[in-house]
Amino acid sequence: MNGMKYCIVRTSSAGVFAGYVERRDGQEVSILQARRIWYWEGAATLSQLAQSGTSKPEKCKFPEPVDRITVLEAVEILDCTERARASIASVPIWKA
């Protein structure tokens with residue numbers, strides 16, 4: 001998306017999100033096309049998820065993306081590889 005990096009953003013209280021980082025101001029981060037990483041398998045850590053993606057997309061629970069979210073307590077931002085971005089995108093939308 002126009003030079004924006006696809007990242008995994010971990011917050012201290014709102015959870016984990018994957019998407020395009022639009023803006024960062026201290027711990028406040030705006031993310032476009034953000035998917036909440038509610039539950040994952042097939043990667044030992046978020047670092048591995050950002051590098052390799054998941055080997056078990058059918059076991060992951062990632063809801064549909066939202067157009068934009070602004071999180072206020074980002075504590076970690078991991079740049080994703082193209083392989084990881086494609087893997088995250090391949091996870092079926094989880095709905096309850």
# chains A, B, ... in the order shown; residues from 1 in each chain; ligands from 1
$ residues_around --residues "region 67-70 of chain A" --least-positions-apart "6" --cutoff "12 Å" --atoms "only C-alpha atoms" --output "short mmCIF file (atom, residue, chain, number, x, y, z; two decimals) with C-alpha atoms, in the first residue's frame"
data_model
loop_
_atom_site.label_atom_id
_atom_site.label_comp_id
_atom_site.auth_asym_id
_atom_site.auth_seq_id
_atom_site.Cartn_x
_atom_site.Cartn_y
_atom_site.Cartn_z
CA VAL A 9 1.83 -4.61 16.13
CA THR A 11 -0.06 -3.71 22.27
CA ALA A 14 -5.63 -4.42 23.10
CA VAL A 16 -2.02 -8.05 18.44
CA PHE A 17 -2.79 -6.70 14.96
CA ALA A 18 -1.36 -7.25 11.47
CA GLY A 19 -1.69 -4.58 8.81
CA TYR A 20 -0.14 -1.59 7.09
CA VAL A 21 1.33 0.93 9.51
CA GLU A 22 0.07 4.30 8.38
CA ARG A 23 1.43 6.43 11.21
CA ARG A 24 3.31 6.11 14.47
CA ASP A 25 3.54 8.75 17.19
CA GLN A 27 3.08 4.37 21.34
CA GLU A 28 0.12 5.47 19.21
CA VAL A 29 -0.02 3.57 15.92
CA SER A 30 -2.60 3.78 13.11
CA ILE A 31 -2.93 0.56 11.12
CA LEU A 32 -4.78 0.13 7.82
CA GLN A 33 -6.44 -3.14 6.75
CA ALA A 34 -5.81 -4.40 10.26
CA ARG A 35 -6.55 -7.98 11.25
CA ARG A 36 -6.58 -8.87 14.92
#
$ select_by_dssp --residues "region 15-91 of chain A" --states "strand (DSSP E)" --output "MDAnalysis selection string"
chainID A and resid 16:25 28:36 66:71 74:79
$ write_last_selection --atoms "N, CA, C and O atoms" --output "CSV table (one decimal), in the first residue's frame"
chain,number,residue,atom,x,y,z
A,16,VAL,N,-3.0,-8.1,19.5
A,16,VAL,CA,-2.0,-8.1,18.4
A,16,VAL,C,-2.8,-7.8,17.1
A,16,VAL,O,-3.8,-8.4,16.9
A,17,PHE,N,-2.2,-7.0,16.2
A,17,PHE,CA,-2.8,-6.7,15.0
A,17,PHE,C,-1.8,-6.8,13.9
A,17,PHE,O,-0.6,-6.6,14.1
A,18,ALA,N,-2.2,-7.2,12.7
A,18,ALA,CA,-1.4,-7.2,11.5
A,18,ALA,C,-2.0,-6.3,10.4
A,18,ALA,O,-3.2,-6.4,10.2
A,19,GLY,N,-1.2,-5.5,9.8
A,19,GLY,CA,-1.7,-4.6,8.8
A,19,GLY,C,-0.6,-3.6,8.4
A,19,GLY,O,0.6,-3.7,8.7
A,20,TYR,N,-1.0,-2.6,7.6
A,20,TYR,CA,-0.1,-1.6,7.1
A,20,TYR,C,0.0,-0.4,8.1
A,20,TYR,O,-1.1,0.2,8.3
A,21,VAL,N,1.1,-0.2,8.6
A,21,VAL,CA,1.3,0.9,9.5
A,21,VAL,C,1.3,2.2,8.7
A,21,VAL,O,2.1,2.5,7.9
A,22,GLU,N,0.3,3.0,9.0
A,22,GLU,CA,0.1,4.3,8.4
A,22,GLU,C,0.8,5.4,9.1
A,22,GLU,O,1.4,6.3,8.4
A,23,ARG,N,0.8,5.4,10.4
A,23,ARG,CA,1.4,6.4,11.2
A,23,ARG,C,1.8,5.9,12.6
A,23,ARG,O,1.1,5.1,13.1
A,24,ARG,N,2.9,6.4,13.1
A,24,ARG,CA,3.3,6.1,14.5
A,24,ARG,C,3.7,7.4,15.2
A,24,ARG,O,4.5,8.2,14.6
A,25,ASP,N,3.2,7.6,16.4
A,25,ASP,CA,3.5,8.7,17.2
A,25,ASP,C,3.7,8.2,18.6
A,25,ASP,O,2.8,8.0,19.3
A,28,GLU,N,1.4,5.4,20.0
A,28,GLU,CA,0.1,5.5,19.2
A,28,GLU,C,0.4,5.1,17.8
A,28,GLU,O,1.3,5.7,17.1
A,29,VAL,N,-0.3,4.1,17.3
A,29,VAL,CA,0.0,3.6,15.9
A,29,VAL,C,-1.3,3.4,15.2
A,29,VAL,O,-2.3,2.8,15.7
A,30,SER,N,-1.4,4.0,14.0
A,30,SER,CA,-2.6,3.8,13.1
A,30,SER,C,-2.3,2.7,12.1
A,30,SER,O,-1.2,2.8,11.4
A,31,ILE,N,-3.2,1.7,12.0
A,31,ILE,CA,-2.9,0.6,11.1
A,31,ILE,C,-4.1,0.5,10.1
A,31,ILE,O,-5.3,0.5,10.5
A,32,LEU,N,-3.8,0.3,8.9
A,32,LEU,CA,-4.8,0.1,7.8
A,32,LEU,C,-4.9,-1.4,7.5
A,32,LEU,O,-4.0,-2.1,7.6
A,33,GLN,N,-6.1,-1.7,7.1
A,33,GLN,CA,-6.4,-3.1,6.7
A,33,GLN,C,-6.0,-4.1,7.9
A,33,GLN,O,-5.3,-5.1,7.6
A,34,ALA,N,-6.3,-3.7,9.1
A,34,ALA,CA,-5.8,-4.4,10.3
A,34,ALA,C,-6.6,-5.6,10.6
A,34,ALA,O,-7.9,-5.6,10.7
A,35,ARG,N,-5.9,-6.7,10.8
A,35,ARG,CA,-6.5,-8.0,11.3
A,35,ARG,C,-6.0,-8.2,12.7
A,35,ARG,O,-4.8,-8.2,12.9
A,36,ARG,N,-7.0,-8.5,13.6
A,36,ARG,CA,-6.6,-8.9,14.9
A,36,ARG,C,-6.0,-10.3,14.9
A,36,ARG,O,-6.6,-11.2,14.3
A,66,VAL,N,-10.3,-4.6,9.6
A,66,VAL,CA,-11.0,-3.3,9.6
A,66,VAL,C,-10.2,-2.3,8.8
A,66,VAL,O,-9.0,-2.5,8.6
A,67,ASP,N,-10.9,-1.3,8.3
A,67,ASP,CA,-10.2,-0.3,7.4
A,67,ASP,C,-9.1,0.4,8.1
A,67,ASP,O,-8.0,0.6,7.5
A,68,ARG,N,-9.3,0.8,9.4
A,68,ARG,CA,-8.3,1.5,10.1
A,68,ARG,C,-8.6,1.3,11.6
A,68,ARG,O,-9.7,1.3,12.0
A,69,ILE,N,-7.5,1.1,12.3
A,69,ILE,CA,-7.6,1.1,13.8
A,69,ILE,C,-6.4,1.9,14.3
A,69,ILE,O,-5.3,1.9,13.7
A,70,THR,N,-6.6,2.7,15.4
A,70,THR,CA,-5.5,3.4,16.1
A,70,THR,C,-5.4,2.7,17.4
A,70,THR,O,-6.3,2.7,18.2
A,71,VAL,N,-4.2,2.2,17.7
A,71,VAL,CA,-3.9,1.6,19.0
A,71,VAL,C,-3.1,2.5,19.8
A,71,VAL,O,-2.3,3.3,19.2
A,74,ALA,N,1.2,0.6,21.8
A,74,ALA,CA,2.0,-0.3,21.1
A,74,ALA,C,3.3,-0.5,21.8
A,74,ALA,O,4.0,0.4,22.2
A,75,VAL,N,3.7,-1.8,22.0
A,75,VAL,CA,5.0,-2.1,22.7
A,75,VAL,C,6.0,-2.8,21.8
A,75,VAL,O,7.1,-2.9,22.1
A,76,GLU,N,5.5,-3.3,20.6
A,76,GLU,CA,6.3,-4.0,19.7
A,76,GLU,C,5.8,-3.8,18.3
A,76,GLU,O,4.5,-4.0,18.1
A,77,ILE,N,6.6,-3.5,17.3
A,77,ILE,CA,6.2,-3.5,15.9
A,77,ILE,C,7.2,-4.3,15.1
A,77,ILE,O,8.4,-4.0,15.1
A,78,LEU,N,6.7,-5.3,14.5
A,78,LEU,CA,7.6,-6.3,13.7
A,78,LEU,C,7.3,-6.1,12.2
A,78,LEU,O,6.1,-6.3,11.8
A,79,ASP,N,8.3,-5.8,11.4
A,79,ASP,CA,8.1,-5.8,10.0
A,79,ASP,C,7.9,-7.2,9.5
A,79,ASP,O,8.6,-8.1,10.0
$ select_by_dssp --residues "chain A" --states "helix (DSSP H, G or I)" --output "PyMOL selection string"
chain A and resi 46-52+57-59+82-90
$ write_last_selection --atoms "C-alpha atoms" --output "mmCIF file, in the first residue's frame"
data_model
loop_
_atom_site.group_PDB
_atom_site.id
_atom_site.type_symbol
_atom_site.label_atom_id
_atom_site.label_comp_id
_atom_site.auth_asym_id
_atom_site.auth_seq_id
_atom_site.Cartn_x
_atom_site.Cartn_y
_atom_site.Cartn_z
ATOM 1 C CA LEU A 46 5.166 -13.374 16.827
ATOM 2 C CA SER A 47 8.703 -12.994 15.510
ATOM 3 C CA GLN A 48 8.393 -16.263 13.594
ATOM 4 C CA LEU A 49 4.914 -15.267 12.398
ATOM 5 C CA ALA A 50 6.384 -12.011 11.039
ATOM 6 C CA GLN A 51 9.205 -13.851 9.263
ATOM 7 C CA SER A 52 7.637 -17.092 8.033
ATOM 8 C CA PRO A 57 -3.615 -21.276 8.679
ATOM 9 C CA GLU A 58 -6.680 -23.454 9.227
ATOM 10 C CA LYS A 59 -6.011 -23.446 13.002
ATOM 11 C CA GLU A 82 6.137 -10.779 1.935
ATOM 12 C CA ARG A 83 5.897 -14.499 2.706
ATOM 13 C CA ALA A 84 4.427 -13.735 6.142
ATOM 14 C CA ARG A 85 2.000 -11.140 4.739
ATOM 15 C CA ALA A 86 0.699 -13.636 2.194
ATOM 16 C CA SER A 87 0.404 -16.315 4.871
ATOM 17 C CA ILE A 88 -1.583 -14.040 7.203
ATOM 18 C CA ALA A 89 -3.831 -13.032 4.283
ATOM 19 C CA SER A 90 -4.477 -16.719 3.527
#
$ closest_residue --among "A:Glu64, A:Glu41, A:Leu72, A:Ser55" --to "Arg10 (chain A)" --atoms "only C-alpha atoms"
A:Leu72
$ residues_around --residues "Ala96 (chain A)" --least-positions-apart "3" --cutoff "12 Å" --atoms "only C-alpha atoms" --output "JSON, numbers by chain"
{"A": [61, 62, 63, 64, 93]}
$ residues_around --residues "Cys60 (chain A)" --least-positions-apart "5" --cutoff "8 Å" --atoms "only C-alpha atoms" --output "NGL selection string"
:A and (38-41 or 91)
$ write_last_selection --atoms "N, CA and C atoms" --output "mmCIF file, in the first residue's frame"
data_model
loop_
_atom_site.group_PDB
_atom_site.id
_atom_site.type_symbol
_atom_site.label_atom_id
_atom_site.label_comp_id
_atom_site.auth_asym_id
_atom_site.auth_seq_id
_atom_site.Cartn_x
_atom_site.Cartn_y
_atom_site.Cartn_z
ATOM 1 N N TRP A 38 -5.965 -12.952 16.907
ATOM 2 C CA TRP A 38 -6.621 -13.382 18.142
ATOM 3 C C TRP A 38 -6.012 -14.676 18.680
ATOM 4 N N TYR A 39 -5.698 -15.608 17.774
ATOM 5 C CA TYR A 39 -5.113 -16.903 18.156
ATOM 6 C C TYR A 39 -4.367 -17.434 16.949
ATOM 7 N N TRP A 40 -3.193 -17.996 17.173
ATOM 8 C CA TRP A 40 -2.464 -18.584 16.054
ATOM 9 C C TRP A 40 -1.803 -19.882 16.467
ATOM 10 N N GLU A 41 -1.604 -20.724 15.480
ATOM 11 C CA GLU A 41 -0.764 -21.921 15.565
ATOM 12 C C GLU A 41 0.136 -21.916 14.344
ATOM 13 N N VAL A 91 -5.217 -16.822 5.845
ATOM 14 C CA VAL A 91 -5.990 -17.367 6.971
ATOM 15 C C VAL A 91 -7.464 -17.011 6.754
#
$ atom_distance --atom1 "CA of Ile8 (chain A)" --atom2 "CA of Thr45 (chain A)"
11.5 Å
$ decode --residues "region 24-60 of chain A" --atoms "N, CA and C atoms" --output "tab-separated table (two decimals), in the first residue's frame"
chain	number	residue	atom	x	y	z
A	24	ARG	N	2.90	6.43	13.10
A	24	ARG	CA	3.31	6.11	14.47
A	24	ARG	C	3.71	7.41	15.16
A	25	ASP	N	3.18	7.59	16.37
A	25	ASP	CA	3.54	8.75	17.19
A	25	ASP	C	3.73	8.22	18.61
A	26	GLY	N	4.96	7.96	18.98
A	26	GLY	CA	5.23	7.32	20.27
A	26	GLY	C	4.61	5.93	20.28
A	27	GLN	N	3.74	5.68	21.25
A	27	GLN	CA	3.08	4.37	21.34
A	27	GLN	C	1.75	4.34	20.61
A	28	GLU	N	1.36	5.43	19.97
A	28	GLU	CA	0.12	5.47	19.21
A	28	GLU	C	0.42	5.10	17.76
A	29	VAL	N	-0.27	4.07	17.26
A	29	VAL	CA	-0.02	3.57	15.92
A	29	VAL	C	-1.35	3.42	15.19
A	30	SER	N	-1.43	3.97	13.97
A	30	SER	CA	-2.60	3.78	13.11
A	30	SER	C	-2.26	2.70	12.09
A	31	ILE	N	-3.16	1.72	11.98
A	31	ILE	CA	-2.93	0.56	11.12
A	31	ILE	C	-4.09	0.46	10.14
A	32	LEU	N	-3.78	0.31	8.85
A	32	LEU	CA	-4.78	0.13	7.82
A	32	LEU	C	-4.93	-1.35	7.49
A	33	GLN	N	-6.15	-1.74	7.08
A	33	GLN	CA	-6.44	-3.14	6.75
A	33	GLN	C	-5.96	-4.07	7.85
A	34	ALA	N	-6.32	-3.71	9.07
A	34	ALA	CA	-5.81	-4.40	10.26
A	34	ALA	C	-6.63	-5.64	10.59
A	35	ARG	N	-5.93	-6.75	10.76
A	35	ARG	CA	-6.55	-7.98	11.25
A	35	ARG	C	-6.04	-8.24	12.66
A	36	ARG	N	-6.96	-8.51	13.56
A	36	ARG	CA	-6.58	-8.87	14.92
A	36	ARG	C	-6.03	-10.30	14.89
A	37	ILE	N	-4.88	-10.49	15.49
A	37	ILE	CA	-4.29	-11.83	15.60
A	37	ILE	C	-4.78	-12.38	16.94
A	38	TRP	N	-5.97	-12.95	16.91
A	38	TRP	CA	-6.62	-13.38	18.14
A	38	TRP	C	-6.01	-14.68	18.68
A	39	TYR	N	-5.70	-15.61	17.77
A	39	TYR	CA	-5.11	-16.90	18.16
A	39	TYR	C	-4.37	-17.43	16.95
A	40	TRP	N	-3.19	-18.00	17.17
A	40	TRP	CA	-2.46	-18.58	16.05
A	40	TRP	C	-1.80	-19.88	16.47
A	41	GLU	N	-1.60	-20.72	15.48
A	41	GLU	CA	-0.76	-21.92	15.57
A	41	GLU	C	0.14	-21.92	14.34
A	42	GLY	N	1.15	-22.74	14.36
A	42	GLY	CA	2.03	-22.85	13.20
A	42	GLY	C	3.16	-21.84	13.18
A	43	ALA	N	3.37	-21.15	14.29
A	43	ALA	CA	4.52	-20.26	14.50
A	43	ALA	C	4.73	-20.20	16.00
A	44	ALA	N	5.97	-20.34	16.42
A	44	ALA	CA	6.25	-20.39	17.86
A	44	ALA	C	6.07	-19.04	18.53
A	45	THR	N	6.37	-17.96	17.82
A	45	THR	CA	6.33	-16.62	18.40
A	45	THR	C	5.81	-15.64	17.36
A	46	LEU	N	5.53	-14.42	17.78
A	46	LEU	CA	5.17	-13.37	16.83
A	46	LEU	C	6.32	-13.07	15.88
A	47	SER	N	7.53	-13.20	16.37
A	47	SER	CA	8.70	-12.99	15.51
A	47	SER	C	8.71	-13.99	14.36
A	48	GLN	N	8.45	-15.25	14.65
A	48	GLN	CA	8.39	-16.26	13.59
A	48	GLN	C	7.22	-16.00	12.67
A	49	LEU	N	6.07	-15.58	13.22
A	49	LEU	CA	4.91	-15.27	12.40
A	49	LEU	C	5.24	-14.13	11.43
A	50	ALA	N	6.01	-13.14	11.89
A	50	ALA	CA	6.38	-12.01	11.04
A	50	ALA	C	7.40	-12.40	9.97
A	51	GLN	N	8.19	-13.42	10.23
A	51	GLN	CA	9.21	-13.85	9.26
A	51	GLN	C	8.68	-14.90	8.29
A	52	SER	N	8.01	-15.92	8.84
A	52	SER	CA	7.64	-17.09	8.03
A	52	SER	C	6.14	-17.26	7.83
A	53	GLY	N	5.34	-16.54	8.60
A	53	GLY	CA	3.90	-16.77	8.55
A	53	GLY	C	3.55	-17.99	9.37
A	54	THR	N	2.36	-18.52	9.14
A	54	THR	CA	1.89	-19.70	9.87
A	54	THR	C	1.90	-20.93	8.98
A	55	SER	N	2.27	-22.05	9.54
A	55	SER	CA	2.21	-23.31	8.79
A	55	SER	C	0.86	-24.00	8.98
A	56	LYS	N	-0.01	-23.41	9.81
A	56	LYS	CA	-1.32	-23.99	10.08
A	56	LYS	C	-2.42	-22.92	9.98
A	57	PRO	N	-2.62	-22.36	8.80
A	57	PRO	CA	-3.62	-21.28	8.68
A	57	PRO	C	-5.03	-21.71	9.07
A	58	GLU	N	-5.33	-22.96	8.89
A	58	GLU	CA	-6.68	-23.45	9.23
A	58	GLU	C	-6.93	-23.49	10.73
A	59	LYS	N	-5.89	-23.42	11.54
A	59	LYS	CA	-6.01	-23.45	13.00
A	59	LYS	C	-6.03	-22.05	13.62
A	60	CYS	N	-5.73	-21.01	12.81
A	60	CYS	CA	-5.65	-19.65	13.32
A	60	CYS	C	-7.03	-19.02	13.40
